[in-house]
$ cat structure-v2.txt   # compact mmCIF, C-alpha atoms (C1' of nucleotides)
# COMPACT_ATOMS: atom_id res chain seq x y z
CA MET A 1 -51.45 12.46 -38.91
CA ASN A 2 -50.03 15.64 -37.45
CA SER A 3 -47.84 15.05 -34.42
CA ASP A 4 -47.91 18.72 -33.38
CA LEU A 5 -51.64 18.53 -32.93
CA ALA A 6 -51.40 15.32 -30.89
CA ALA A 7 -48.88 16.92 -28.56
CA TYR A 8 -51.03 20.03 -28.38
CA ILE A 9 -54.13 18.04 -27.41
CA ARG A 10 -52.26 16.02 -24.83
CA ARG A 11 -51.23 19.14 -23.02
CA TYR A 12 -54.90 19.54 -22.12
CA ILE A 13 -56.43 16.08 -21.85
CA GLU A 14 -55.63 12.37 -21.70
CA ILE A 15 -56.59 10.62 -24.89
CA ASP A 16 -55.64 7.23 -26.38
CA GLU A 17 -54.51 6.57 -29.93
CA GLU A 18 -57.90 5.38 -31.10
CA GLN A 19 -59.69 8.46 -29.83
CA LEU A 20 -57.00 10.63 -31.30
CA ALA A 21 -57.53 9.01 -34.67
CA HIS A 22 -61.21 9.70 -34.21
CA PHE A 23 -60.48 13.32 -33.49
CA HIS A 24 -58.39 13.55 -36.64
CA SER A 25 -61.14 12.05 -38.73
CA TYR A 26 -63.23 15.12 -37.98
CA LEU A 27 -60.65 17.50 -39.35
CA THR A 28 -60.33 18.65 -42.95
CA PRO A 29 -57.01 20.04 -44.19
CA LYS A 30 -57.16 23.38 -45.94
CA LYS A 31 -54.66 25.67 -47.61
CA LEU A 32 -54.77 29.40 -48.25
CA GLY A 33 -52.49 31.63 -50.26
CA LYS A 34 -51.22 34.96 -48.98
CA LYS A 35 -54.05 37.52 -48.72
CA GLN A 36 -56.76 34.90 -49.22
CA TYR A 37 -59.72 34.97 -46.87
CA LEU A 38 -60.89 32.26 -44.50
CA LEU A 39 -63.90 34.33 -43.53
CA ARG A 40 -65.39 37.56 -44.78
CA ALA A 41 -67.67 39.99 -42.94
CA GLY A 42 -71.27 39.08 -43.64
CA GLN A 43 -70.66 35.36 -43.85
CA THR A 44 -71.56 33.06 -41.01
CA CYS A 45 -68.60 31.33 -39.45
CA LYS A 46 -69.06 27.56 -39.59
CA GLY A 47 -65.96 26.12 -37.99
CA ARG A 48 -62.77 26.46 -36.01
CA TYR A 49 -59.39 26.28 -37.64
CA TYR A 50 -56.26 24.85 -36.16
CA ILE A 51 -53.23 26.51 -37.74
CA THR A 52 -50.46 24.10 -38.65
CA LYS A 53 -48.48 26.56 -40.74
CA GLY A 54 -48.47 30.28 -41.40
CA CYS A 55 -50.07 33.33 -39.93
CA LEU A 56 -53.48 35.04 -40.17
CA ARG A 57 -55.21 38.11 -38.87
CA LEU A 58 -58.73 38.55 -37.58
CA TYR A 59 -59.98 42.08 -38.16
CA TYR A 60 -63.06 44.17 -38.78
CA ILE A 61 -63.83 47.47 -40.46
CA ASP A 62 -64.67 50.09 -37.85
CA THR A 63 -67.23 52.89 -38.07
CA LYS A 64 -64.67 55.20 -39.69
CA GLY A 65 -63.82 52.63 -42.33
CA HIS A 66 -60.47 51.57 -40.88
CA GLU A 67 -59.26 48.02 -40.50
CA GLN A 68 -58.98 47.11 -36.85
CA ILE A 69 -57.09 43.93 -36.04
CA ILE A 70 -58.50 42.03 -33.07
CA HIS A 71 -55.74 39.46 -33.00
CA PHE A 72 -53.36 37.33 -35.02
CA GLY A 73 -53.23 33.57 -35.30
CA ILE A 74 -50.08 31.51 -35.73
CA GLU A 75 -48.98 27.89 -35.63
CA ASN A 76 -50.68 25.76 -32.96
CA TRP A 77 -53.46 28.22 -32.28
CA TRP A 78 -57.09 27.97 -33.17
CA ILE A 79 -58.68 30.79 -35.07
CA THR A 80 -62.37 31.53 -35.54
CA ASP A 81 -65.02 34.15 -34.84
CA TYR A 82 -66.69 32.74 -31.75
CA ASP A 83 -69.46 35.30 -31.84
CA SER A 84 -70.69 34.26 -35.26
CA LEU A 85 -69.82 30.61 -34.74
CA LEU A 86 -71.79 30.15 -31.53
CA ASN A 87 -74.58 32.64 -32.03
CA GLY A 88 -75.05 31.75 -35.66
CA GLY A 89 -75.34 35.30 -36.98
CA PRO A 90 -73.37 36.92 -39.78
CA SER A 91 -69.85 37.86 -38.79
CA ARG A 92 -68.46 41.38 -38.57
CA MET A 93 -65.00 39.86 -38.82
CA ASN A 94 -62.61 39.05 -41.61
CA ILE A 95 -60.00 36.34 -41.29
CA GLN A 96 -57.22 36.69 -43.81
CA ALA A 97 -53.97 34.88 -44.42
CA ILE A 98 -50.89 37.07 -43.96
CA GLU A 99 -48.63 34.27 -45.14
CA PRO A 100 -49.43 31.08 -47.05
CA VAL A 101 -51.35 29.06 -44.51
CA GLU A 102 -52.17 25.44 -43.71
CA LEU A 103 -55.15 24.70 -41.51
CA LEU A 104 -57.22 21.89 -40.09
CA GLU A 105 -60.89 22.72 -40.23
CA LEU A 106 -63.26 21.51 -37.52
CA SER A 107 -66.81 22.34 -38.45
CA GLU A 108 -69.10 23.21 -35.55
CA ASN A 109 -71.61 20.61 -36.69
CA SER A 110 -69.14 17.80 -36.50
CA LEU A 111 -67.82 19.13 -33.21
CA SER A 112 -71.17 18.50 -31.51
CA GLU A 113 -70.85 14.90 -32.69
CA LEU A 114 -67.28 14.70 -31.53
CA TYR A 115 -68.28 15.89 -28.05
CA LEU A 116 -70.43 12.75 -27.78
CA LYS A 117 -67.98 10.31 -29.34
CA VAL A 118 -64.92 11.54 -27.48
CA PRO A 119 -66.19 13.18 -24.30
CA GLN A 120 -62.80 14.54 -23.28
CA THR A 121 -63.02 17.04 -26.13
CA GLU A 122 -65.56 18.86 -24.03
CA ARG A 123 -62.81 19.43 -21.51
CA LEU A 124 -60.25 20.19 -24.21
CA PHE A 125 -62.22 23.04 -25.64
CA ARG A 126 -63.19 24.29 -22.20
CA SER A 127 -59.52 24.56 -21.30
CA ILE A 128 -58.63 26.23 -24.57
CA MET A 129 -61.40 28.76 -24.05
CA GLU A 130 -60.15 29.45 -20.53
CA ARG A 131 -56.63 30.14 -21.78
CA THR A 132 -57.93 32.28 -24.58
CA TYR A 133 -59.96 34.32 -22.14
CA ILE A 134 -57.00 34.81 -19.83
CA ALA A 135 -54.94 36.00 -22.78
CA ILE A 136 -57.46 38.60 -23.89
CA GLN A 137 -57.98 39.86 -20.35
CA ARG A 138 -54.24 40.30 -19.88
CA ARG A 139 -54.15 42.21 -23.12
CA MET A 140 -56.87 44.54 -21.85
CA GLU A 141 -54.80 45.10 -18.74
CA TYR A 142 -51.87 46.13 -20.93
CA MET A 143 -53.97 48.44 -23.06
CA PHE A 144 -55.37 50.18 -20.00
CA SER A 145 -52.02 50.54 -18.24
CA LEU A 146 -49.53 51.37 -20.94
CA ASN A 147 -49.20 54.23 -23.38
CA SER A 148 -48.45 53.54 -27.04
CA GLU A 149 -44.70 53.54 -26.63
CA GLU A 150 -44.79 51.11 -23.72
CA LEU A 151 -47.29 48.91 -25.57
CA TYR A 152 -45.01 48.72 -28.57
CA LYS A 153 -41.87 48.03 -26.58
CA SER A 154 -43.45 45.32 -24.49
CA PHE A 155 -44.88 43.68 -27.56
CA ILE A 156 -41.63 43.53 -29.52
CA THR A 157 -39.64 42.26 -26.56
CA ALA A 158 -42.29 39.63 -25.82
CA ASN A 159 -42.62 38.56 -29.47
CA PRO A 160 -39.33 39.36 -31.22
CA LYS A 161 -39.66 36.65 -33.89
CA PHE A 162 -43.30 37.25 -34.66
CA VAL A 163 -42.77 40.96 -35.27
CA GLN A 164 -40.71 40.13 -38.35
CA ARG A 165 -43.55 38.19 -39.93
CA VAL A 166 -46.10 40.99 -40.18
CA PRO A 167 -45.98 44.48 -41.75
CA GLN A 168 -45.74 47.33 -39.29
CA TYR A 169 -49.07 48.84 -40.14
CA MET A 170 -50.73 45.64 -38.96
CA LEU A 171 -48.84 45.76 -35.70
CA ALA A 172 -49.98 49.34 -35.30
CA SER A 173 -53.58 48.33 -35.88
CA TYR A 174 -53.31 45.52 -33.35
CA LEU A 175 -51.87 47.92 -30.80
CA GLY A 176 -54.56 50.47 -31.51
CA ILE A 177 -52.35 53.24 -32.92
CA THR A 178 -51.76 54.75 -36.34
CA PRO A 179 -48.91 53.51 -38.57
CA GLU A 180 -47.53 57.07 -38.67
CA TYR A 181 -47.30 57.32 -34.93
CA LEU A 182 -45.76 53.88 -34.61
CA SER A 183 -43.17 54.98 -37.12
CA ALA A 184 -42.45 58.08 -35.04
CA LEU A 185 -42.04 55.95 -31.91
CA ARG A 186 -39.34 53.86 -33.54
CA LYS A 187 -36.79 56.66 -33.81
CA MET B 1 -82.12 25.81 -2.94
CA ASN B 2 -81.88 28.70 -5.30
CA SER B 3 -84.27 28.51 -8.25
CA ASP B 4 -82.47 31.26 -10.17
CA LEU B 5 -79.38 29.14 -10.30
CA ALA B 6 -81.33 26.09 -11.47
CA ALA B 7 -82.88 28.08 -14.29
CA TYR B 8 -79.49 29.56 -15.10
CA ILE B 9 -77.87 26.12 -15.35
CA ARG B 10 -80.68 24.73 -17.46
CA ARG B 11 -80.14 27.40 -20.06
CA TYR B 12 -76.84 25.68 -20.78
CA ILE B 13 -77.26 21.96 -20.07
CA GLU B 14 -79.77 19.24 -19.34
CA ILE B 15 -79.60 18.10 -15.76
CA ASP B 16 -81.98 16.13 -13.54
CA GLU B 17 -83.04 17.02 -10.01
CA GLU B 18 -80.62 14.64 -8.36
CA GLN B 19 -77.64 16.00 -10.24
CA LEU B 20 -78.79 19.49 -9.55
CA ALA B 21 -78.88 18.74 -5.85
CA HIS B 22 -75.39 17.37 -6.24
CA PHE B 23 -74.27 20.55 -7.88
CA HIS B 24 -75.74 22.57 -5.05
CA SER B 25 -73.97 20.48 -2.46
CA TYR B 26 -70.69 21.80 -3.83
CA LEU B 27 -71.63 25.41 -3.26
CA THR B 28 -71.09 27.42 -0.11
CA PRO B 29 -73.19 30.53 0.53
CA LYS B 30 -71.26 33.65 1.39
CA LYS B 31 -72.17 37.22 2.27
CA LEU B 32 -70.20 40.42 1.96
CA GLY B 33 -70.92 43.91 3.21
CA LYS B 34 -70.48 46.98 1.05
CA LYS B 35 -66.78 47.63 0.30
CA GLN B 36 -65.70 44.26 1.63
CA TYR B 37 -63.26 42.24 -0.45
CA LEU B 38 -63.75 38.82 -1.99
CA LEU B 39 -60.17 38.81 -3.27
CA ARG B 40 -57.21 41.07 -2.76
CA ALA B 41 -54.16 41.52 -4.99
CA GLY B 42 -51.42 39.16 -3.86
CA GLN B 43 -53.79 36.42 -2.76
CA THR B 44 -54.36 33.35 -4.88
CA CYS B 45 -57.89 32.98 -6.14
CA LYS B 46 -59.35 29.66 -5.03
CA GLY B 47 -62.86 29.59 -6.41
CA ARG B 48 -65.59 30.97 -8.62
CA TYR B 49 -68.48 32.90 -7.20
CA TYR B 50 -72.02 32.90 -8.47
CA ILE B 51 -73.71 36.16 -7.55
CA THR B 52 -77.24 35.76 -6.24
CA LYS B 53 -77.59 39.31 -4.98
CA GLY B 54 -75.71 42.58 -5.26
CA CYS B 55 -72.91 43.95 -7.35
CA LEU B 56 -69.11 43.74 -7.33
CA ARG B 57 -66.19 45.11 -9.26
CA LEU B 58 -63.00 43.41 -10.39
CA TYR B 59 -60.14 45.88 -10.63
CA TYR B 60 -56.38 46.25 -10.36
CA ILE B 61 -53.97 49.03 -9.53
CA ASP B 62 -52.12 50.15 -12.64
CA THR B 63 -48.51 51.27 -12.98
CA LYS B 64 -49.46 54.87 -12.15
CA GLY B 65 -51.28 53.82 -8.99
CA HIS B 66 -54.79 54.23 -10.36
CA GLU B 67 -57.64 51.77 -9.89
CA GLN B 68 -58.61 50.24 -13.20
CA ILE B 69 -61.87 48.32 -13.33
CA ILE B 70 -61.80 45.30 -15.64
CA HIS B 71 -65.48 44.52 -15.21
CA PHE B 72 -68.43 44.41 -12.89
CA GLY B 73 -70.39 41.41 -11.68
CA ILE B 74 -74.11 41.39 -10.95
CA GLU B 75 -76.87 38.89 -10.22
CA ASN B 76 -76.64 35.63 -12.13
CA TRP B 77 -73.08 36.13 -13.24
CA TRP B 78 -69.98 34.33 -12.08
CA ILE B 79 -67.07 36.37 -10.88
CA THR B 80 -63.47 35.26 -10.37
CA ASP B 81 -59.93 35.95 -11.51
CA TYR B 82 -59.39 33.17 -14.04
CA ASP B 83 -55.72 33.96 -14.42
CA SER B 84 -54.93 33.33 -10.78
CA LEU B 85 -57.53 30.59 -10.42
CA LEU B 86 -56.27 28.45 -13.26
CA ASN B 87 -52.58 29.26 -13.23
CA GLY B 88 -52.35 29.19 -9.46
CA GLY B 89 -50.25 32.32 -9.07
CA PRO B 90 -50.95 35.36 -6.89
CA SER B 91 -53.61 37.62 -8.32
CA ARG B 92 -53.11 41.19 -9.51
CA MET B 93 -56.83 41.71 -9.10
CA ASN B 94 -59.11 42.92 -6.36
CA ILE B 95 -62.72 41.86 -6.17
CA GLN B 96 -64.77 44.16 -4.00
CA ALA B 97 -68.46 44.42 -3.16
CA ILE B 98 -70.06 47.66 -4.35
CA GLU B 99 -73.32 46.75 -2.64
CA PRO B 100 -74.06 44.17 0.06
CA VAL B 101 -73.59 40.90 -1.77
CA GLU B 102 -74.72 37.29 -1.58
CA LEU B 103 -72.67 34.65 -3.34
CA LEU B 104 -72.38 30.94 -3.87
CA GLU B 105 -68.78 29.84 -3.72
CA LEU B 106 -67.52 26.99 -5.88
CA SER B 107 -63.97 26.15 -4.97
CA GLU B 108 -61.76 25.01 -7.84
CA ASN B 109 -60.79 21.89 -5.90
CA SER B 110 -64.34 20.73 -5.53
CA LEU B 111 -65.07 21.68 -9.13
CA SER B 112 -62.62 19.06 -10.39
CA GLU B 113 -64.57 16.51 -8.35
CA LEU B 114 -67.85 17.84 -9.68
CA TYR B 115 -66.64 17.47 -13.26
CA LEU B 116 -66.36 13.72 -12.60
CA LYS B 117 -69.59 13.29 -10.65
CA VAL B 118 -71.77 15.39 -12.94
CA PRO B 119 -70.06 15.31 -16.35
CA GLN B 120 -72.41 17.87 -17.90
CA THR B 121 -70.77 20.55 -15.75
CA GLU B 122 -67.81 20.27 -18.08
CA ARG B 123 -70.08 21.51 -20.84
CA LEU B 124 -71.74 24.07 -18.59
CA PHE B 125 -68.51 25.82 -17.79
CA ARG B 126 -67.29 25.51 -21.36
CA SER B 127 -70.39 27.32 -22.55
CA ILE B 128 -70.11 29.99 -19.87
CA MET B 129 -66.51 30.57 -20.82
CA GLU B 130 -67.47 30.90 -24.48
CA ARG B 131 -70.10 33.52 -23.70
CA THR B 132 -67.71 35.36 -21.44
CA TYR B 133 -65.12 35.43 -24.17
CA ILE B 134 -67.59 36.72 -26.73
CA ALA B 135 -68.59 39.47 -24.32
CA ILE B 136 -65.04 40.67 -23.71
CA GLN B 137 -64.21 40.58 -27.41
CA ARG B 138 -67.26 42.68 -28.23
CA ARG B 139 -66.18 45.11 -25.58
CA MET B 140 -62.77 45.41 -27.20
CA GLU B 141 -64.49 46.14 -30.49
CA TYR B 142 -66.38 48.98 -28.82
CA MET B 143 -63.30 50.41 -27.21
CA PHE B 144 -61.43 50.41 -30.50
CA SER B 145 -64.26 51.91 -32.51
CA LEU B 146 -65.85 54.52 -30.27
CA ASN B 147 -64.59 57.68 -28.65
CA SER B 148 -65.31 58.40 -25.00
CA GLU B 149 -68.61 60.12 -25.60
CA GLU B 150 -69.91 57.32 -27.80
CA LEU B 151 -68.70 54.73 -25.32
CA TYR B 152 -70.53 56.43 -22.49
CA LYS B 153 -73.75 56.89 -24.43
CA SER B 154 -73.86 53.34 -25.67
CA PHE B 155 -73.20 52.05 -22.19
CA ILE B 156 -75.95 53.99 -20.48
CA THR B 157 -78.51 53.18 -23.14
CA ALA B 158 -77.56 49.49 -23.03
CA ASN B 159 -77.54 49.37 -19.22
CA PRO B 160 -79.88 52.09 -17.94
CA LYS B 161 -80.72 50.36 -14.65
CA PHE B 162 -77.22 49.25 -13.84
CA VAL B 163 -75.81 52.76 -14.22
CA GLN B 164 -77.78 53.85 -11.16
CA ARG B 165 -76.16 51.24 -8.97
CA VAL B 166 -72.54 52.36 -9.27
CA PRO B 167 -70.80 55.68 -8.63
CA GLN B 168 -69.79 57.58 -11.73
CA TYR B 169 -66.10 57.42 -11.09
CA MET B 170 -66.33 53.62 -11.33
CA LEU B 171 -68.15 53.86 -14.62
CA ALA B 172 -65.41 56.18 -15.85
CA SER B 173 -62.76 53.70 -14.81
CA TYR B 174 -64.57 50.85 -16.56
CA LEU B 175 -64.83 52.92 -19.74
CA GLY B 176 -61.17 53.89 -19.53
CA ILE B 177 -61.63 57.64 -19.02
CA THR B 178 -61.14 60.05 -16.13
CA PRO B 179 -64.03 60.99 -13.82
CA GLU B 180 -63.47 64.66 -14.72
CA TYR B 181 -63.87 64.05 -18.40
CA LEU B 182 -66.92 61.86 -17.90
CA SER B 183 -68.42 64.67 -15.89
CA ALA B 184 -67.70 67.10 -18.72
CA LEU B 185 -69.34 64.77 -21.24
CA ARG B 186 -72.58 64.76 -19.25
CA LYS B 187 -73.39 68.46 -19.85
C1' DC C 1 -71.96 68.40 13.49
C1' DG C 2 -67.97 67.39 10.89
C1' DC C 3 -65.65 64.40 7.91
C1' DG C 4 -65.08 61.62 3.91
C1' DA C 5 -66.86 60.29 -0.43
C1' DC C 6 -68.43 61.95 -4.68
C1' DG C 7 -69.29 65.04 -8.55
C1' DT C 8 -68.16 69.33 -10.96
C1' DT C 9 -65.61 73.19 -13.18
C1' DG C 10 -61.95 75.53 -15.47
C1' DA C 11 -57.10 76.30 -17.00
C1' DT C 12 -53.39 74.11 -18.96
C1' DT C 13 -50.87 70.45 -21.15
C1' DT C 14 -50.00 66.45 -24.02
C1' DG C 15 -50.27 62.17 -26.48
C1' DC C 16 -51.80 60.86 -30.50
C1' DC C 17 -54.42 61.63 -34.88
C1' DT C 18 -55.01 63.65 -39.49
C1' DC C 19 -53.53 64.83 -43.81
C1' DA C 20 -50.35 65.25 -47.37
C1' DA C 21 -46.24 64.30 -49.52
C1' DC C 22 -42.30 61.71 -50.37
C1' DG C 23 -38.63 57.54 -50.63
C1' DA C 24 -37.78 52.74 -50.84
C1' DT C 25 -38.88 48.27 -51.88
C1' DT C 26 -41.40 44.63 -54.12
C1' DG C 27 -43.64 42.43 -57.71
C1' DT C 28 -45.71 41.95 -62.00
C1' DG C 29 -47.03 42.16 -66.75
C1' DG C 30 -45.54 43.49 -71.30
C1' DC D 1 -35.58 42.15 -68.08
C1' DC D 2 -37.14 46.48 -67.67
C1' DA D 3 -40.95 49.87 -66.38
C1' DC D 4 -44.61 51.07 -63.82
C1' DA D 5 -47.70 50.28 -60.05
C1' DA D 6 -48.65 48.76 -55.65
C1' DT D 7 -47.32 48.28 -51.08
C1' DC D 8 -45.04 49.84 -47.16
C1' DG D 9 -42.49 52.93 -44.12
C1' DT D 10 -41.24 57.74 -42.95
C1' DT D 11 -41.49 62.80 -42.04
C1' DG D 12 -43.53 67.11 -40.68
C1' DA D 13 -47.17 70.58 -39.74
C1' DG D 14 -51.26 71.42 -37.45
C1' DG D 15 -55.24 70.14 -34.62
C1' DC D 16 -58.01 67.97 -31.17
C1' DA D 17 -59.63 64.67 -27.64
C1' DA D 18 -58.71 63.64 -23.33
C1' DA D 19 -55.47 63.88 -19.23
C1' DT D 20 -53.76 66.50 -15.39
C1' DC D 21 -54.05 69.43 -11.51
C1' DA D 22 -56.27 72.14 -8.26
C1' DA D 23 -60.12 73.97 -6.13
C1' DC D 24 -64.74 73.98 -4.70
C1' DG D 25 -69.79 72.42 -3.63
C1' DT D 26 -72.70 68.90 -1.80
C1' DC D 27 -74.46 65.26 0.13
C1' DG D 28 -74.90 61.28 3.41
C1' DC D 29 -73.41 59.11 7.35
C1' DG D 30 -71.21 57.98 11.82
$ encode --input "structure-v2.txt" --output "structure tokens"
Amino acid sequence: MNSDLAAYIRRYIEIDEEQLAHFHSYLTPKKLGKKQYLLRAGQTCKGRYYITKGCLRLYYIDTKGHEQIIHFGIENWWITDYDSLLNGGPSRMNIQAIEPVELLELSENSLSELYLKVPQTERLFRSIMERTYIAIQRRMEYMFSLNSEELYKSFITANPKFVQRVPQYMLASYLGITPEYLSALRK
Amino acid sequence: MNSDLAAYIRRYIEIDEEQLAHFHSYLTPKKLGKKQYLLRAGQTCKGRYYITKGCLRLYYIDTKGHEQIIHFGIENWWITDYDSLLNGGPSRMNIQAIEPVELLELSENSLSELYLKVPQTERLFRSIMERTYIAIQRRMEYMFSLNSEELYKSFITANPKFVQRVPQYMLASYLGITPEYLSALRK
DNA sequence: CGCGACGTTGATTTGCCTCAACGATTGTGG
DNA sequence: CCACAATCGTTGAGGCAAATCAACGTCGCG
């Protein structure tokens, strides 16, 4: 029984111990070594993953053959490819562990059951989706407004600890610039 | 009673006539003339708006003083600033009618009531949020992968009718390029 | 009619990419 | 435990996509 997850859930909904236990019974623990994949392009994404430990990246290969990171996932975030998960098609995304990772898997099949058994989960995942949307829209605002240098500065001041967990070329990819140029910016 | 909305809702959830009537009772019709504002930066966003007719844009003023369009809203879409709506702070966004517009307003206060009275609405808005998220993430993929010319071409082939409803400088803003350069691309 | 909104054109500048080469560090197998 | 190979960051030269700025043409509307 993971107390982090309980606290996380209770920030969104009211839920008693029994229901919480129920929720937990739908989760399957999973571990991944560094560089292992949770999802590869071409596969269909079957579940959502709550990260209890470690760090992952969600990326795709663009038309020029370059890795483009959409976002990272760290402790107490969910990670998945919603497009593949909800539309059922093959994913364009890869989800790879940057560090050794511990996850709780919630398969989409069991989630539809869980919605019925513990109705508040409907609200839980609505709220999570809302926050996730707000986050991505804010990021778009940043990308439109700031040049590369400003993007980089604002990111490292906003996430000083996280920056030390990922190689710089991944940061560059996430920010939408080349590793060489990021290196030049750091002088 | 708007049949478009009923059909729209039933694409997401099962709902009987009585509940549907209930849903409708929470909506307030609203009209806006061309160039009128639904929301201005600094105000707090209080509701979501279902568009029954017309077209709007959601934009902000960036650090250099330029208008930056985040997205448009057309018939059978909801439009709102989720950040301000859900976090309660003043909005950085403006929502302005591009054409004369007809809306159905759903205030966030009454929505919390509606969630209790018609529980399926919880699922409805979860599903809408999921689709909205998928849409914005796909858009990010495009913006990372394509150059300005490719962006423009793919947009006009994907939305040939819509393109005729908005001035080109707004399209340019949405695509993240200058009106001058968009003009040059069209030769 | 006259003004404001919109699109266009061209000259110039610049932010960022590309490519290639070179350290420094890490890790891994013999 | 050492040697060699990845992996990662850096540097510099050259090029290009797109921005900036300014000016001008045109339409539609009050």
$ closest_atom_pairs --input "structure-v2.txt" --of "chain B" --to "chain D" --cutoff "9 Å" --atoms "only C-alpha atoms (C1' of nucleotides)" --output "JSON lines"
{"residue": "B:Asn147", "atom": "CA", "partner": "D:DA17", "partner_atom": "C1'", "distance": 8.6}
{"residue": "B:Ser148", "atom": "CA", "partner": "D:DA18", "partner_atom": "C1'", "distance": 8.6}
{"residue": "B:Ile177", "atom": "CA", "partner": "D:DA18", "partner_atom": "C1'", "distance": 7.9}
{"residue": "B:Thr178", "atom": "CA", "partner": "D:DA19", "partner_atom": "C1'", "distance": 7.5}
{"residue": "B:Tyr181", "atom": "CA", "partner": "D:DA18", "partner_atom": "C1'", "distance": 7.1}
$ interface_residues --input "structure-v2.txt" --of "chain C" --to "chain A" --cutoff "9 Å" --atoms "all atoms listed in the file" --output "ChimeraX atom specification"
/C:15-17
$ interface_residues --input "structure-v2.txt" --of "chain B" --to "chain A" --cutoff "10 Å" --atoms "only C-alpha atoms" --output "NGL selection string"
:B and (59-66 or 68-70 or 81-84 or 86-87 or 115 or 119-138 or 140-146 or 173-177)
$ residues_around --input "structure-v2.txt" --residues "Leu111 of chain A" --least-positions-apart "4" --cutoff "10 Å" --atoms "only C-alpha atoms (C1' of nucleotides)" --output "MDAnalysis selection string"
chainID A and resid 23 26:27 47:48 106:107 115:118 121:122
$ atom_distance --input "structure-v2.txt" --atom1 "atom CA of Ser91 of chain B" --atom2 "atom CA of Tyr49 of chain B"
15.6 Å
$ atom_distance --input "structure-v2.txt" --atom1 "atom CA of Ile51 of chain A" --atom2 "atom CA of Arg139 of chain B"
25.7 Å
$ atom_distance --input "structure-v2.txt" --atom1 "atom CA of Ile95 of chain A" --atom2 "atom CA of Tyr8 of chain A"
22.7 Å
$ residues_around --input "structure-v2.txt" --residues "Gly33 of chain B" --least-positions-apart "5" --cutoff "8 Å" --atoms "only C-alpha atoms (C1' of nucleotides)" --output "ChimeraX atom specification"
/B:97,99-101
$ closest_residue --input "structure-v2.txt" --among "A:Ile79, A:Met93, A:Ile9, A:Ala21" --to "Ala41 of chain A" --atoms "all atoms listed in the file"
A:Met93
